[in-house]
>>> print(open('query23.cif').read())   # mmCIF, C-alpha atoms
data_protein
loop_
_atom_site.label_atom_id
_atom_site.label_comp_id
_atom_site.auth_asym_id
_atom_site.auth_seq_id
_atom_site.Cartn_x
_atom_site.Cartn_y
_atom_site.Cartn_z
CA THR C 1476 104.88 202.44 117.95
CA HIS C 1477 103.13 205.73 117.36
CA ASN C 1478 101.36 206.09 114.02
CA THR C 1479 103.58 208.99 112.96
CA ASP C 1480 106.69 206.89 113.57
CA PHE C 1481 105.19 203.91 111.74
CA ALA C 1482 104.41 206.23 108.82
CA LYS C 1483 108.07 207.29 108.60
CA GLY C 1484 109.17 203.69 108.13
CA PHE C 1485 106.29 202.79 105.82
CA VAL C 1486 106.71 205.81 103.56
CA GLY C 1487 110.43 205.10 103.40
CA LEU C 1488 109.65 201.64 102.00
CA LEU C 1489 107.25 202.87 99.31
CA GLY C 1490 108.86 202.64 95.91
CA HIS C 1491 111.94 200.92 97.37
CA GLN C 1492 112.61 198.21 94.78
CA GLN C 1493 114.85 196.14 97.07
CA ALA C 1494 112.04 195.96 99.65
CA ILE C 1495 109.71 194.06 97.33
CA GLY C 1496 109.03 190.57 98.67
CA HIS C 1497 110.30 191.36 102.15
CA ALA C 1498 108.27 191.42 105.35
CA PHE C 1499 108.92 194.24 107.80
CA HIS C 1500 107.86 195.15 111.27
CA ILE C 1501 108.16 198.82 112.06
CA THR C 1502 108.58 199.50 115.76
CA SER C 1503 110.26 201.96 118.03
CA ASP C 1504 113.42 201.04 119.90
CA GLU C 1505 111.58 201.59 123.18
CA SER C 1506 111.33 198.42 125.24
CA LEU C 1507 108.51 198.43 127.80
CA THR C 1508 107.01 195.82 130.08
CA TRP C 1509 103.24 195.30 130.08
CA ASP C 1510 103.15 196.96 133.52
CA GLN C 1511 104.93 200.03 132.13
CA ILE C 1512 102.49 200.20 129.21
CA TYR C 1513 99.49 200.01 131.54
CA ALA C 1514 101.03 202.53 133.97
CA ALA C 1515 101.57 205.05 131.15
CA THR C 1516 98.05 204.46 129.88
CA ALA C 1517 96.53 204.98 133.33
CA ALA C 1518 98.61 208.13 133.85
CA ALA C 1519 97.47 209.51 130.49
CA ALA C 1520 93.86 208.85 131.45
CA GLY C 1521 94.31 210.32 134.92
CA ALA C 1522 93.25 206.99 136.41
CA GLU C 1523 94.55 204.97 139.32
CA LEU C 1524 96.29 201.82 138.10
CA LYS C 1525 95.11 198.60 139.68
CA ILE C 1526 97.04 195.75 138.07
CA VAL C 1527 95.79 192.21 138.50
CA HIS C 1528 98.35 189.73 137.16
CA ILE C 1529 96.49 186.71 135.83
CA ALA C 1530 98.32 183.86 134.12
CA SER C 1531 97.70 183.53 130.39
CA ASP C 1532 96.75 179.86 130.70
CA PHE C 1533 94.04 180.80 133.25
CA LEU C 1534 92.64 183.46 130.92
CA ALA C 1535 92.66 181.06 127.95
CA ALA C 1536 91.02 178.31 130.02
CA CYS C 1537 88.22 180.69 131.03
CA ASN C 1538 87.80 182.10 127.54
CA PRO C 1539 89.16 179.88 124.73
CA ASP C 1540 88.80 182.78 122.28
CA PHE C 1541 91.83 184.35 123.99
CA ARG C 1542 94.12 181.38 123.27
CA GLY C 1543 95.51 182.34 119.86
CA GLY C 1544 96.41 185.96 120.45
CA LEU C 1545 97.26 185.56 124.10
CA ILE C 1546 99.20 182.32 124.35
CA GLY C 1547 100.90 182.82 121.01
CA ASP C 1548 101.61 186.53 121.28
CA LYS C 1549 101.17 188.20 124.64
CA ALA C 1550 102.10 185.51 127.18
CA ALA C 1551 105.71 186.70 127.15
CA SER C 1552 107.29 190.06 126.49
CA VAL C 1553 109.34 190.48 123.35
CA VAL C 1554 111.81 192.98 122.04
CA PHE C 1555 111.72 193.65 118.31
CA ASP C 1556 114.91 194.07 116.32
CA ASN C 1557 114.70 197.11 114.07
CA THR C 1558 117.89 196.37 112.15
CA LYS C 1559 116.06 195.42 108.94
CA ILE C 1560 113.83 198.50 108.65
CA LYS C 1561 116.86 200.69 109.42
CA ARG C 1562 118.89 198.93 106.75
CA PHE C 1563 116.21 199.61 104.13
CA VAL C 1564 115.24 203.05 105.46
CA PRO C 1565 118.44 204.46 106.99
CA ASP C 1566 116.75 207.69 108.15
CA PHE C 1567 114.05 205.79 110.07
CA CYS C 1568 113.99 206.80 113.72
CA ALA C 1569 110.99 206.58 116.02
CA THR C 1570 110.75 209.81 117.99
CA THR C 1571 107.44 209.55 119.88
CA PRO C 1572 107.79 207.70 123.20
CA PHE C 1573 104.86 205.50 124.17
CA ALA C 1574 103.90 207.76 127.10
CA ARG C 1575 103.55 210.80 124.81
CA GLY C 1576 101.73 208.81 122.13
CA ILE C 1577 99.21 207.36 124.58
CA GLU C 1578 98.62 210.86 126.00
CA GLN C 1579 97.72 212.00 122.47
CA SER C 1580 95.44 208.99 121.96
CA VAL C 1581 93.62 209.57 125.25
CA ALA C 1582 93.21 213.26 124.40
CA TRP C 1583 91.68 212.24 121.06
CA PHE C 1584 89.16 209.97 122.83
CA ASP C 1585 88.42 212.65 125.41
CA ALA C 1586 87.72 215.25 122.72
CA ASP C 1587 84.50 213.57 121.58
CA LEU C 1588 81.87 211.95 123.80
CA ALA C 1589 80.89 209.62 120.95
CA ARG C 1590 84.35 207.99 121.19
CA GLN C 1591 83.97 207.32 124.91
CA GLN C 1592 81.73 204.28 124.63
CA THR C 1593 82.35 201.05 126.48
CA ASP C 1594 80.95 197.59 125.89
CA ALA C 1595 79.01 196.53 128.99
CA ALA C 1596 79.25 192.82 128.13
CA THR C 1597 83.02 193.04 127.73
CA GLU C 1598 83.33 194.93 131.01
CA ARG C 1599 81.25 192.24 132.78
CA GLY C 1600 83.44 189.55 131.23
CA TRP C 1601 86.63 191.14 132.57
CA ASP C 1602 85.04 191.59 136.00
CA MET C 1603 84.03 187.91 136.00
CA LEU C 1604 87.57 186.83 135.09
CA ILE C 1605 89.09 188.92 137.87
CA ASP C 1606 86.52 187.62 140.36
CA ALA C 1607 87.19 184.00 139.34
CA TYR C 1608 90.93 184.52 139.65
CA GLU C 1609 90.67 186.20 143.06
CA ARG C 1610 88.35 183.45 144.36
CA GLY C 1611 90.70 180.76 143.06
CA LEU C 1612 93.70 182.48 144.61
CA ALA C 1613 91.97 182.85 147.97
CA GLY C 1614 90.90 179.19 147.86
CA ALA C 1615 94.44 178.06 147.06
CA VAL C 1616 95.91 180.14 149.89
CA GLU C 1617 93.35 178.70 152.32
CA LEU C 1618 94.06 175.15 151.15
CA PHE C 1619 97.82 175.52 151.62
CA ARG C 1620 97.50 177.29 154.97
CA SER C 1621 95.19 174.60 156.35
CA ALA C 1622 97.44 171.83 155.02
CA ASN C 1623 100.48 173.37 156.72
CA ALA C 1624 98.76 174.25 159.99
#
>>> encode(input="query23.cif", output="structure tokens")
Amino acid sequence: THNTDFAKGFVGLLGHQQAIGHAFHITSDESLTWDQIYAATAAAAGAELKIVHIASDFLAACNPDFRGGLIGDKAASVVFDNTKIKRFVPDFCATTPFARGIEQSVAWFDADLARQQTDAATERGWDMLIDAYERGLAGAVELFRSANA
């Protein structure tokens, strides 16, 4: 959900007496897969997309810090129901598609070299995870091929 769309829903709740005590999520009605999100992000950055699908349980086993947010939140796709926010804020309508929003975000990062910093340790960690996964996959393929030969 783009920040401008979130703001529309949030501002619509401010001062709304019937909203007190309620929890809201404010999302767009756009439903995207993780692959679509990464494809749009790569396109916005002008980068080639190289997706490596690694199971959540593998990632959490390699790095237990991932368990909470990954296993509990991102292991499966979800679609959010916006009925409640629309009931409380009838004029709420998200108008910025993810692809346009991520283009704006990438342009913001690109506009200032100070924003274009990466964390070398994090990058190494991701490279190690991908390497471990690819080695494990190759080993499993070899094991099954030799067992069935």
>>> resolve_selection(input="query23.cif", expression="the PyMOL selection byres ((chain C and resi 1600-1615) around 10)", output="VMD selection string")
chain C and resid 1527 to 1530 1533 to 1534 1537 to 1538 1594 to 1599 1616 to 1621
>>> atom_distance(input="query23.cif", atom1="CA of Ala1574 in chain C", atom2="CA of Ala1515 in chain C")
5.4 Å
>>> atom_distance(input="query23.cif", atom1="CA of His1500 in chain C", atom2="CA of Pro1565 in chain C")
14.7 Å
>>> resolve_selection(input="query23.cif", expression="the PyMOL selection byres ((chain C and resi 1476) around 9)", output="list of chain:residue names")
C:His1477, C:Asn1478, C:Thr1479, C:Asp1480, C:Phe1481, C:Ile1501, C:Thr1502, C:Ser1503, C:Asp1504, C:Glu1505, C:Ala1569, C:Thr1571, C:Pro1572, C:Phe1573, C:Gly1576
>>> write_last_selection(input="query23.cif", atoms="C-alpha atoms", output="tab-separated table (two decimals), in the frame of the given file")
chain	number	residue	atom	x	y	z
C	1477	HIS	CA	103.13	205.73	117.36
C	1478	ASN	CA	101.36	206.09	114.02
C	1479	THR	CA	103.58	208.99	112.96
C	1480	ASP	CA	106.69	206.89	113.57
C	1481	PHE	CA	105.19	203.91	111.74
C	1501	ILE	CA	108.16	198.82	112.06
C	1502	THR	CA	108.58	199.50	115.76
C	1503	SER	CA	110.26	201.96	118.03
C	1504	ASP	CA	113.42	201.04	119.90
C	1505	GLU	CA	111.58	201.59	123.18
C	1569	ALA	CA	110.99	206.58	116.02
C	1571	THR	CA	107.44	209.55	119.88
C	1572	PRO	CA	107.79	207.70	123.20
C	1573	PHE	CA	104.86	205.50	124.17
C	1576	GLY	CA	101.73	208.81	122.13
>>> residues_around(input="query23.cif", residues="Ser1531 in chain C", least_positions_apart="3", cutoff="8 Å", atoms="all atoms listed in the file", output="VMD selection string")
chain C and resid 1534 to 1535 1545 to 1546 1550
>>> atom_distance(input="query23.cif", atom1="CA of Ala1498 in chain C", atom2="CA of Asp1566 in chain C")
18.6 Å
>>> resolve_selection(input="query23.cif", expression="the PyMOL selection byres ((chain C and resi 1487) around 9)", output="MDAnalysis selection string")
chainID C and resid 1482:1486 1488:1491 1563:1567
>>> closest_residue(input="query23.cif", among="C:His1497, C:Ile1526, C:Asn1623, C:Asp1556", to="Gln1511 in chain C", atoms="only C-alpha atoms")
C:Ile1526
>>> residues_around(input="query23.cif", residues="Glu1578 in chain C", least_positions_apart="2", cutoff="8 Å", atoms="only C-alpha atoms", output="NGL selection string")
:C and (1516 or 1519-1520 or 1574-1576 or 1580-1582)
>>> closest_residue(input="query23.cif", among="C:Gln1493, C:Ala1536, C:Asp1510, C:Ala1624", to="Leu1524 in chain C", atoms="all atoms listed in the file")
C:Asp1510
>>> axis_aligned_box(input="query23.cif", around="range 1490-1500 of chain C", padding_each_side="5 Å", output="lines of an AutoDock Vina configuration file")
center_x = 111.4
center_y = 196.6
center_z = 103.0
size_x = 17.0
size_y = 22.1
size_z = 26.5
>>> closest_residue(input="query23.cif", among="C:Trp1509, C:Asp1585, C:Phe1499, C:Gln1579", to="Thr1558 in chain C", atoms="only C-alpha atoms")
C:Phe1499
>>> closest_residue(input="query23.cif", among="C:Ala1522, C:Ala1517, C:Ile1560, C:Val1554", to="Ala1494 in chain C", atoms="only C-alpha atoms")
C:Ile1560
>>> build_atoms(input="query23.cif", residues="range 1545-1556 of chain C", atoms="all heavy atoms", output="short mmCIF file (atom, residue, chain, number, x, y, z; two decimals), keeping the file's coordinate frame")
data_model
loop_
_atom_site.label_atom_id
_atom_site.label_comp_id
_atom_site.auth_asym_id
_atom_site.auth_seq_id
_atom_site.Cartn_x
_atom_site.Cartn_y
_atom_site.Cartn_z
N LEU C 1545 96.65 185.42 122.77
CA LEU C 1545 97.26 185.56 124.10
C LEU C 1545 98.41 184.59 124.30
O LEU C 1545 99.52 184.99 124.61
CB LEU C 1545 96.19 185.34 125.17
CG LEU C 1545 96.63 185.54 126.61
CD1 LEU C 1545 97.09 186.96 126.84
CD2 LEU C 1545 95.49 185.22 127.55
N ILE C 1546 98.16 183.32 124.12
CA ILE C 1546 99.20 182.32 124.35
C ILE C 1546 100.30 182.45 123.30
O ILE C 1546 101.48 182.34 123.58
CB ILE C 1546 98.61 180.88 124.33
CG1 ILE C 1546 97.54 180.72 125.42
CG2 ILE C 1546 99.70 179.84 124.48
CD1 ILE C 1546 98.03 180.88 126.84
N GLY C 1547 99.91 182.73 122.06
CA GLY C 1547 100.90 182.82 121.01
C GLY C 1547 101.61 184.15 120.92
O GLY C 1547 102.68 184.25 120.34
N ASP C 1548 101.04 185.20 121.50
CA ASP C 1548 101.61 186.53 121.28
C ASP C 1548 101.94 187.27 122.57
O ASP C 1548 103.03 187.80 122.72
CB ASP C 1548 100.63 187.37 120.45
CG ASP C 1548 101.15 188.77 120.17
OD1 ASP C 1548 102.36 188.93 120.03
OD2 ASP C 1548 100.33 189.69 120.07
N LYS C 1549 101.02 187.30 123.50
CA LYS C 1549 101.17 188.20 124.64
C LYS C 1549 101.53 187.52 125.96
O LYS C 1549 101.59 188.16 126.99
CB LYS C 1549 99.90 189.02 124.81
CG LYS C 1549 99.66 189.93 123.63
CD LYS C 1549 98.37 190.68 123.74
CE LYS C 1549 98.12 191.51 122.53
NZ LYS C 1549 97.78 190.73 121.35
N ALA C 1550 101.77 186.21 125.94
CA ALA C 1550 102.10 185.51 127.18
C ALA C 1550 103.49 185.88 127.67
O ALA C 1550 103.79 185.76 128.85
CB ALA C 1550 101.99 184.00 126.99
N ALA C 1551 104.35 186.31 126.77
CA ALA C 1551 105.71 186.70 127.15
C ALA C 1551 106.04 188.02 126.46
O ALA C 1551 105.55 188.30 125.37
CB ALA C 1551 106.71 185.62 126.73
N SER C 1552 106.86 188.81 127.11
CA SER C 1552 107.29 190.06 126.49
C SER C 1552 108.30 189.75 125.39
O SER C 1552 109.00 188.75 125.43
CB SER C 1552 107.93 190.97 127.53
OG SER C 1552 106.94 191.41 128.44
N VAL C 1553 108.37 190.63 124.43
CA VAL C 1553 109.34 190.48 123.35
C VAL C 1553 109.98 191.84 123.07
O VAL C 1553 109.42 192.87 123.40
CB VAL C 1553 108.68 189.96 122.04
CG1 VAL C 1553 108.13 188.57 122.22
CG2 VAL C 1553 107.60 190.89 121.55
N VAL C 1554 111.14 191.78 122.50
CA VAL C 1554 111.81 192.98 122.04
C VAL C 1554 112.04 192.80 120.55
O VAL C 1554 112.58 191.78 120.12
CB VAL C 1554 113.16 193.20 122.77
CG1 VAL C 1554 113.90 194.40 122.19
CG2 VAL C 1554 112.93 193.37 124.27
N PHE C 1555 111.59 193.75 119.76
CA PHE C 1555 111.72 193.65 118.31
C PHE C 1555 113.04 194.26 117.86
O PHE C 1555 113.48 195.28 118.37
CB PHE C 1555 110.55 194.36 117.62
CG PHE C 1555 109.24 193.70 117.86
CD1 PHE C 1555 108.37 194.17 118.82
CD2 PHE C 1555 108.88 192.57 117.14
CE1 PHE C 1555 107.16 193.55 119.06
CE2 PHE C 1555 107.67 191.94 117.37
CZ PHE C 1555 106.81 192.42 118.33
N ASP C 1556 113.65 193.62 116.89
CA ASP C 1556 114.91 194.07 116.32
C ASP C 1556 114.60 194.93 115.09
O ASP C 1556 113.98 194.46 114.14
CB ASP C 1556 115.75 192.85 115.93
CG ASP C 1556 117.08 193.23 115.29
OD1 ASP C 1556 117.41 194.43 115.23
OD2 ASP C 1556 117.80 192.31 114.87
#
